[in-house]
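Enquirer: Next comes start-v4.txt, compact mmCIF, C-alpha atoms:
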```txt
# COMPACT_ATOMS: atom_id res chain seq x y z
CA MET A 1 178.84 72.28 80.47
CA GLU A 2 180.06 71.31 83.88
CA LYS A 3 180.70 67.69 84.78
CA ARG A 4 177.85 67.50 87.30
CA GLN A 5 175.31 68.63 84.69
CA LEU A 6 176.62 66.08 82.22
CA VAL A 7 176.36 63.27 84.77
CA TYR A 8 172.83 64.40 85.67
CA ARG A 9 171.84 64.36 81.99
CA ILE A 10 173.36 60.90 81.40
CA VAL A 11 171.71 59.43 84.51
CA LEU A 12 168.29 60.85 83.59
CA THR A 13 168.58 59.61 80.01
CA ALA A 14 169.59 56.14 81.21
CA LEU A 15 166.74 55.99 83.76
CA THR A 16 164.26 57.06 81.06
CA VAL A 17 165.46 54.30 78.73
CA ILE A 18 165.31 51.76 81.60
CA ALA A 19 161.74 52.86 82.44
CA ILE A 20 160.68 52.38 78.82
CA GLY A 21 162.35 48.95 78.81
CA PHE A 22 160.51 48.04 82.02
CA ILE A 23 157.19 49.04 80.47
CA PHE A 24 157.86 47.13 77.24
CA TYR A 25 159.02 44.06 79.17
CA HIS A 26 155.78 43.88 81.14
CA SER A 27 153.72 44.33 77.99
CA SER A 28 155.57 41.50 76.26
CA ARG A 29 154.51 38.97 78.89
CA ASP A 30 151.69 36.64 77.92
CA ALA A 31 148.24 36.91 79.49
CA VAL A 32 148.83 34.11 82.01
CA ALA A 33 152.07 35.60 83.37
CA SER A 34 150.65 39.12 83.37
CA SER A 35 147.51 38.01 85.19
CA LYS A 36 149.56 36.09 87.75
CA ASP A 37 151.63 39.21 88.45
CA SER A 38 148.51 41.37 88.81
CA VAL A 39 146.80 38.93 91.14
CA SER A 40 149.93 38.74 93.32
CA VAL A 41 150.19 42.52 93.56
CA THR A 42 146.46 42.85 94.23
CA GLU A 43 146.62 40.29 97.06
CA LEU A 44 149.68 42.00 98.54
CA LEU A 45 148.02 45.42 98.47
CA ASN A 46 144.80 44.06 99.99
CA ARG A 47 146.78 42.41 102.81
CA LEU A 48 148.57 45.69 103.42
CA LEU A 49 145.30 47.63 103.51
CA ARG A 50 143.79 45.12 105.98
CA SER A 51 146.89 45.32 108.20
CA LEU A 52 146.44 49.09 108.31
CA GLY A 53 142.86 48.58 109.46
CA LEU A 54 141.36 49.92 106.25
CA ASP A 55 138.14 48.34 105.05
CA VAL A 56 138.98 48.64 101.36
CA VAL A 57 139.31 45.82 98.84
CA LEU A 58 141.08 46.53 95.56
CA THR A 59 140.12 44.63 92.43
CA ASP A 60 142.57 43.29 89.88
CA HIS A 61 141.13 45.75 87.33
CA VAL A 62 141.79 48.75 89.59
CA VAL A 63 145.34 47.58 90.29
CA ARG A 64 146.06 47.07 86.57
CA LYS A 65 144.76 50.50 85.58
CA THR A 66 146.54 52.18 88.47
CA ALA A 67 149.75 50.44 87.40
CA HIS A 68 149.31 51.83 83.87
CA PHE A 69 148.96 55.34 85.21
CA ALA A 70 151.77 54.97 87.77
CA GLU A 71 154.40 53.57 85.43
CA TYR A 72 153.70 56.27 82.87
CA PHE A 73 153.63 58.94 85.59
CA LEU A 74 157.14 57.86 86.55
CA LEU A 75 158.13 57.86 82.88
CA GLY A 76 156.67 61.38 82.57
CA VAL A 77 158.77 62.62 85.48
CA LEU A 78 161.90 61.09 83.99
CA MET A 79 161.21 62.32 80.46
CA THR A 80 160.39 65.85 81.55
CA LEU A 81 163.50 66.12 83.72
CA THR A 82 165.54 64.66 80.87
CA TRP A 83 164.22 67.22 78.37
CA LEU A 84 164.93 70.00 80.85
CA SER A 85 168.47 68.69 81.40
CA TYR A 86 169.08 69.08 77.65
CA GLY A 87 168.03 72.72 77.85
CA VAL A 88 164.54 72.32 76.39
CA SER A 89 162.37 75.13 77.80
CA GLY A 90 159.55 74.42 80.25
CA TYR A 91 156.62 74.51 77.82
CA ARG A 92 158.51 72.64 75.15
CA ALA A 93 159.67 70.03 77.67
CA PHE A 94 156.02 69.54 78.64
CA GLY A 95 155.00 69.15 74.98
CA CYS A 96 157.94 66.87 74.16
CA SER A 97 157.12 64.66 77.14
CA ALA A 98 153.45 64.43 76.15
CA ALA A 99 154.35 63.61 72.53
CA ALA A 100 157.00 61.07 73.51
CA GLY A 101 154.57 59.55 76.03
CA LEU A 102 151.97 59.15 73.30
CA ILE A 103 154.50 57.48 71.03
CA VAL A 104 155.76 55.10 73.75
CA ALA A 105 152.21 54.24 74.88
CA SER A 106 151.06 53.62 71.30
CA ILE A 107 154.02 51.36 70.52
CA ASP A 108 153.53 49.62 73.87
CA GLU A 109 149.86 48.85 73.27
CA TRP A 110 150.44 47.90 69.63
CA SER A 111 153.26 45.48 70.52
CA GLN A 112 151.19 44.00 73.35
CA ARG A 113 148.89 42.52 70.70
CA PHE A 114 151.66 40.07 69.81
CA ALA A 115 151.84 38.58 73.32
CA ALA A 116 149.66 35.46 73.70
CA GLY A 117 146.22 36.31 75.07
CA ARG A 118 146.88 40.06 75.22
CA SER A 119 145.40 42.96 73.28
CA GLY A 120 146.12 46.62 72.75
CA GLU A 121 143.56 49.05 74.16
CA LEU A 122 143.05 52.68 73.13
CA ARG A 123 141.82 53.51 76.65
CA ASP A 124 145.14 52.26 78.04
CA VAL A 125 147.01 54.57 75.67
CA LEU A 126 144.88 57.46 76.94
CA LEU A 127 145.48 56.47 80.58
CA ASP A 128 149.21 56.18 79.93
CA VAL A 129 149.40 59.60 78.28
CA LEU A 130 147.39 61.05 81.17
CA GLY A 131 150.07 59.71 83.53
CA VAL A 132 152.81 61.43 81.51
CA VAL A 133 150.88 64.70 81.25
CA CYS A 134 150.10 64.74 84.99
CA ALA A 135 153.77 64.19 85.79
CA ALA A 136 154.90 66.92 83.38
CA ALA A 137 152.27 69.29 84.78
CA LEU A 138 153.41 68.57 88.35
CA ILE A 139 157.01 69.36 87.42
CA ALA A 140 155.87 72.54 85.66
CA LEU A 141 153.93 73.56 88.79
CA ILE A 142 156.89 72.86 91.08
CA ARG A 143 159.20 74.86 88.81
CA TYR A 144 156.70 77.72 88.72
CA LEU A 145 156.32 77.77 92.50
CA ARG A 146 160.09 77.71 92.95
CA TYR A 147 160.38 80.58 90.48
CA ARG A 148 157.67 82.58 92.29
CA LYS A 149 159.29 81.94 95.66
CA GLY A 150 162.63 83.15 94.31
CA ARG A 151 161.03 86.28 92.85
CA THR A 152 159.25 87.25 96.06
CA VAL A 153 162.38 86.71 98.15
CA HIS A 154 164.44 89.03 95.95
CA GLU A 155 161.81 91.70 95.28
```
Show me this structure written as structure tokens.

Expert:
Amino acid sequence: MEKRQLVYRIVLTALTVIAIGFIFYHSSRDAVASSKDSVSVTELLNRLLRSLGLDVVLTDHVVRKTAHFAEYFLLGVLMTLTWLSYGVSGYRAFGCSAAAGLIVASIDEWSQRFAAGRSGELRDVLLDVLGVVCAAALIALIRYLRYRKGRTVHE
């Protein structure tokens, strides 16, 4: 294995672990702190939307659910690229990412029950896994399109 590939693999693995840590950290916060964060982000996004002249108002609920999807989408990108960097084939990388996403989301929601005022929700696990699966599917599509482009150029 060449040095660049090894560095790429190490960086992706580290970023994946950091992303999981970020997710678990936010889930460990009590309900008051978590709510305060969500309200702050919601207010910031609504100010941004108003400054852009958009007549849209986001609710705290929408921001929270979007954050679930987004953080797990990012995790899905990182996990899929990490699996690929270890030589796991495309379909297997997709399946490994989905399975690992389900495990991380389940542990995340289960552990959230131990934070004051928080609960674990099955629908959040499903939303989280959807984020991972969408990310893995996007990477699969990009890889397929790159493959097709390469085939048509050389045919």

Enquirer: Tell me which residues come within 12 Å of (152.9, 64.8, 72.6), as a VMD selection string, counting all atoms listed in the file in the file's coordinates.

Expert: chain A and resid 76 79 to 80 91 to 106 126 128 to 130 132 to 133 136

Enquirer: How big is the axis-aligned box around all listed atoms of stretch 116-129 of chain A once 5 Å goes on each side, and where's its centre, in Å to one decimal, as JSON?

Expert:
```
{"center_x": 145.7, "center_y": 47.5, "center_z": 76.7, "size_x": 17.8, "size_y": 34.1, "size_z": 17.8}
```

Enquirer: Just to confirm, what's the straight-line distance from atom CA of A:Arg9 to atom CA of A:Leu84 in Å (one decimal)?

Expert: 9.0 Å

Enquirer: Find the spatial neighbours of A:Arg118, counting all atoms listed in the file, within a cut-off of 8 Å - ignore same-chain residues fewer than 4 positions away - and output them as a VMD selection string.

Expert: chain A and resid 30 to 31 112 to 114

Enquirer: Show me, as a PyMOL selection string, the residues that have an atom within 12 Å of A:Val7 when counting all atoms listed in the file, minus same-chain residues fewer than 6 positions from it.

Expert: chain A and resi 1+13-14+82+85-86

Enquirer: From the options A:Lys65, A:Gly90, A:Asp37, A:Glu43, which residue's atoms come nearest to A:Leu141, counting all atoms listed in the file?

Expert: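 The shortest atom-to-atom distance to A:Leu141 comes from A:Gly90.
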
Enquirer: I'd like the contact shell of A:Phe22 - 12 Å cut-off, all atoms listed in the file, skipping same-chain residues fewer than 4 positions apart - returned as a list in words.

Expert: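 So, after excluding close chain neighbours, the residues are Leu15, Thr16, Val17, Ile18, His26, Ser27, Ser28, Arg29, His68, Glu71, Tyr72, Leu74, Leu75, Val104 and Asp108 of chain A.
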
Enquirer: Between atom CA of A:Arg64 and atom CA of A:Ser40, what is the distance in Å, rounded to a tenth?

Expert: 11.4 Å

Enquirer: What does the structure give for the distance between atom CA of A:Ala70 and atom CA of A:Ser34, in Å to one decimal?

Expert: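 So the answer is 16.5 Å.
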
Enquirer: Would you kindly return, as a list in words, each protein, DNA or RNA residue with an atom no farther than 8 Å from any atom of A:Val63, considering all atoms listed in the file and excluding same-chain residues fewer than 5 positions away?

Expert: Ser38, Val41, Thr42 and Leu58 of chain A

Enquirer: Ranking A:Val77, A:Ala137, A:Val11, A:Val39 by minimum distance to A:Asp60 and counting all atoms listed in the file, which one comes first?

Expert: A:Val39
